[in-house]
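*Asks:* Okay, handing you the structure first.
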Amino acid sequence: LLKKISSNTIEIRGAKGNSLTILFSTMREESNTSKPISNFARDCCSGISEAEKASGFSAYFANMISRLLAACHGTIIICENAEGISQISEMKDHIGLSPALDFRKAFADYNGTKSAETILTLQRCEELLSGFLRCDGMISFNNMGSVTAYRIFYSPSEAAAPEAPKVNGGARRRAFEGLKPLVKNKIVSALFRSQDDS
């Protein structure tokens with residue numbers, strides 16, 4: 001995977017997760033996007049077996065998330081806990097997927113046969129997630145590498161609303177700031193990508 005991660009920086013990442021960063025400048029630029037994405041991807045893969053992680057799914061998933069986020073206009077993605085977002089009163093407004101968009105199964109099928117059909121299925125999963133990223137609202141993953149819901153809109157509870165601090169920025173920034181108290185409480189993690197990110 002060859003990716004432009006800033007105006008003067010190219011990242012080359014191999015299938016096993018090895019990376020090489022090339023800077024086209026005499027001044028080193030700060031790039032802090034890779035670590036948050038890899039941490040988020042790790043949370044989304046925490047429920048899969050060690051054998052599946054060793055098969056390359058974790059590396060594929062992190063690379064896929066990084067690539068699709070780089071192409072999107074800005075979004076918030078979350079990793080839900082075992083109870084799911086349907087149990088979170090602040091996220092009742094969402095579109096659930098049944099069945100979930102299962103990247104783990106699509107990758108395992110491709111890895112097992114490497115047929116034209118399985119690679120097309122994996123590509124379709126990526127295209128569908130890319131479409132979700134173009135929609136308003138957040139996207140939820142579970143810890144098995146599956147998308148469970150999209151067009152999730154955060155609405156603070158009435159009890160929390162008066163205490164909410166004033167946040168500068170757009171609706172996405174305000175939603176992300178409101179989500180922060182839910183992390184490690186009602187959701188596992190959240191990742192915010194601004195439209196202004198490089």
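Identifiers in the structure tokens: chain A, B, ... in order shown; residue index from 1 per chain; ligand index from 1 in order shown.
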Can you list, as a list of chain:residue names, every residue of stretch 55-165 of chain A that DSSP puts in strand (DSSP E or B)?
*Replies:*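 Residues meeting the strand (DSSP E or B) criterion: A:Thr75, A:Ile76, A:Ile77, A:Ile78, A:Cys79, A:Glu80, A:Asp93, A:His94, A:Ile95, A:Gly96, A:Leu97, A:Ser98, A:Pro99, A:Ala100, A:Leu101, A:Asp102, A:Met138, A:Ile139, A:Ser140, A:Phe141, A:Ser146, A:Val147, A:Thr148, A:Ala149, A:Tyr150, A:Arg151, A:Ile152, A:Phe153.
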*Asks:* Write the residues of the preceding selection, restricted to C-alpha atoms, as a short mmCIF file (atom, residue, chain, number, x, y, z; two decimals), in the first residue's frame.
*Replies:*
```
data_model
loop_
_atom_site.label_atom_id
_atom_site.label_comp_id
_atom_site.auth_asym_id
_atom_site.auth_seq_id
_atom_site.Cartn_x
_atom_site.Cartn_y
_atom_site.Cartn_z
CA THR A 75 -16.02 11.01 10.17
CA ILE A 76 -16.29 9.45 13.61
CA ILE A 77 -15.95 5.70 13.99
CA ILE A 78 -16.51 3.83 17.23
CA CYS A 79 -15.81 0.35 18.59
CA GLU A 80 -18.79 -0.82 20.58
CA ASP A 93 -30.76 7.23 16.28
CA HIS A 94 -28.88 4.80 13.98
CA ILE A 95 -29.29 2.29 11.17
CA GLY A 96 -28.32 -1.20 12.31
CA LEU A 97 -26.92 -3.80 9.93
CA SER A 98 -28.32 -7.31 10.08
CA PRO A 99 -26.27 -9.24 9.31
CA ALA A 100 -23.25 -7.14 10.18
CA LEU A 101 -20.72 -6.25 7.47
CA ASP A 102 -18.26 -9.04 8.32
CA MET A 138 -20.93 7.80 12.93
CA ILE A 139 -20.09 4.19 12.11
CA SER A 140 -19.90 1.42 14.71
CA PHE A 141 -17.65 -1.65 14.65
CA SER A 146 -17.55 -6.12 11.60
CA VAL A 147 -19.55 -2.96 10.94
CA THR A 148 -22.76 -3.17 12.98
CA ALA A 149 -24.38 0.23 12.37
CA TYR A 150 -24.03 3.49 10.45
CA ARG A 151 -25.67 6.94 10.37
CA ILE A 152 -25.39 7.00 14.15
CA PHE A 153 -26.23 10.37 15.62
#
```
*Asks:* If DSSP is run on the backbone, what residues of chain A are alpha helix (DSSP H)? A reply as a PyMOL selection string would be ideal.
*Replies:* chain A and resi 34-44+50-54+57-71+103-113+116-133+171-179
*Asks:* Which of these residues is nearest to A:Ala108, using only C-alpha atoms: A:Met91, A:His73, A:Ala51, A:Glu126?
*Replies:*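 The shortest atom-to-atom distance to A:Ala108 comes from A:Ala51.
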*Asks:* Can you measure atom CA of A:Asn142 to atom CA of A:Ser86 for me? One decimal in Å is fine.
*Replies:*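 According to the coordinates, atom CA of A:Asn142 and atom CA of A:Ser86 are separated by 12.4 Å.
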*Asks:* From the list A:Ser194, A:Ser58, A:Thr21, A:Ser66, which residue is nearest A:Gly145 when using only C-alpha atoms?
*Replies:*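 Under the stated criterion, the closest residue is A:Ser58.
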*Asks:* Have a look at atom CA of A:Ala71 and atom CA of A:Lys180 and let me know their distance in Å, one decimal.
*Replies:* 24.6 Å
*Asks:* I'd like the contact shell of A:Met144 - 8 Å cut-off, only C-alpha atoms, skipping same-chain residues fewer than 6 positions apart - returned as a VMD selection string.
*Replies:* chain A and resid 44 to 48 104
*Asks:* How would the residues just chosen look if you wrote them out with C-alpha atoms as a compact mmCIF listing (two decimals), in the first residue's frame?
*Replies:*
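Output (out_6.txt):
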```txt
# COMPACT_ATOMS: atom_id res chain seq x y z
CA CYS A 44 -11.88 -3.77 16.60
CA CYS A 45 -9.89 -7.02 16.31
CA SER A 46 -9.67 -7.83 20.04
CA GLY A 47 -12.34 -10.54 19.83
CA ILE A 48 -10.79 -12.59 17.06
CA ARG A 104 -13.27 -11.11 9.18
```
*Asks:* Do a neighbour search on A:Glu90 at 7 Å with only C-alpha atoms, toss out local chain neighbours closer than 3 positions, and write the hits as a PyMOL selection string.
*Replies:* chain A and resi 154-157
*Asks:* For the residues in the current selection, export N, CA, C and O atoms as a compact mmCIF listing (two decimals), in the first residue's frame.
*Replies:*
```txt
# COMPACT_ATOMS: atom_id res chain seq x y z
N TYR A 154 -25.25 11.15 17.67
CA TYR A 154 -25.09 11.28 19.11
C TYR A 154 -26.02 12.37 19.62
O TYR A 154 -26.06 13.48 19.10
N SER A 155 -26.80 12.03 20.64
CA SER A 155 -27.69 12.99 21.28
C SER A 155 -27.48 12.89 22.79
O SER A 155 -27.83 11.87 23.39
N PRO A 156 -26.87 13.90 23.41
CA PRO A 156 -26.57 13.80 24.84
C PRO A 156 -27.84 13.65 25.67
O PRO A 156 -28.90 14.17 25.31
N SER A 157 -27.71 12.92 26.76
CA SER A 157 -28.84 12.77 27.66
C SER A 157 -29.18 14.11 28.29
O SER A 157 -28.32 14.99 28.40
```
*Asks:* For A:Phe192, which residue among A:Gly14, A:Gly137, A:Gly74, A:Gly56 is the nearest when counting only C-alpha atoms?
*Replies:* A:Gly74
*Asks:* Might you pull out every residue within 8 Å of A:Lys3, with only C-alpha atoms counted and same-chain residues fewer than 3 positions away left off, and present them as a PyMOL selection string?
*Replies:* chain A and resi 10-12+67
*Asks:* For a quick check of understanding, using only C-alpha atoms, which of A:Ile85, A:Leu2, A:Ile22, A:Ala41 has the smallest distance to A:Tyr60?
*Replies:*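 Closest to A:Tyr60 of all the choices is A:Ala41.
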*Asks:* Choose the residue, out of A:Ile37, A:Leu1, A:Ala116, A:Met64, that has the smallest atom-to-atom separation from A:Ser189; count only C-alpha atoms.
*Replies:*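 Residue with the minimum atom-to-atom distance to A:Ser189: A:Ile37.
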*Asks:* Go through A:Ala106, A:Arg172, A:Pro36, A:Ser19 and flag the residue nearest A:Leu120, using only C-alpha atoms for the distances.
*Replies:*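 For A:Leu120, the nearest of the given residues is A:Ala106.
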*Asks:* Can you tell me which residues surround A:Cys72 at a distance of at most 8 Å, considering only C-alpha atoms, apart from same-chain residues fewer than 4 positions away, and format the answer as a list in words?
*Replies:*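 Contacts, in chain order: Leu68, Ser130, Leu133, Arg134 and Gln195 of chain A.
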*Asks:* Just give me the gap between atom CA of A:Gly84 and atom CA of A:Ile187 in Å, one decimal is fine.
*Replies:*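 Interatomic distance, atom CA of A:Gly84 to atom CA of A:Ile187: 8.2 Å.
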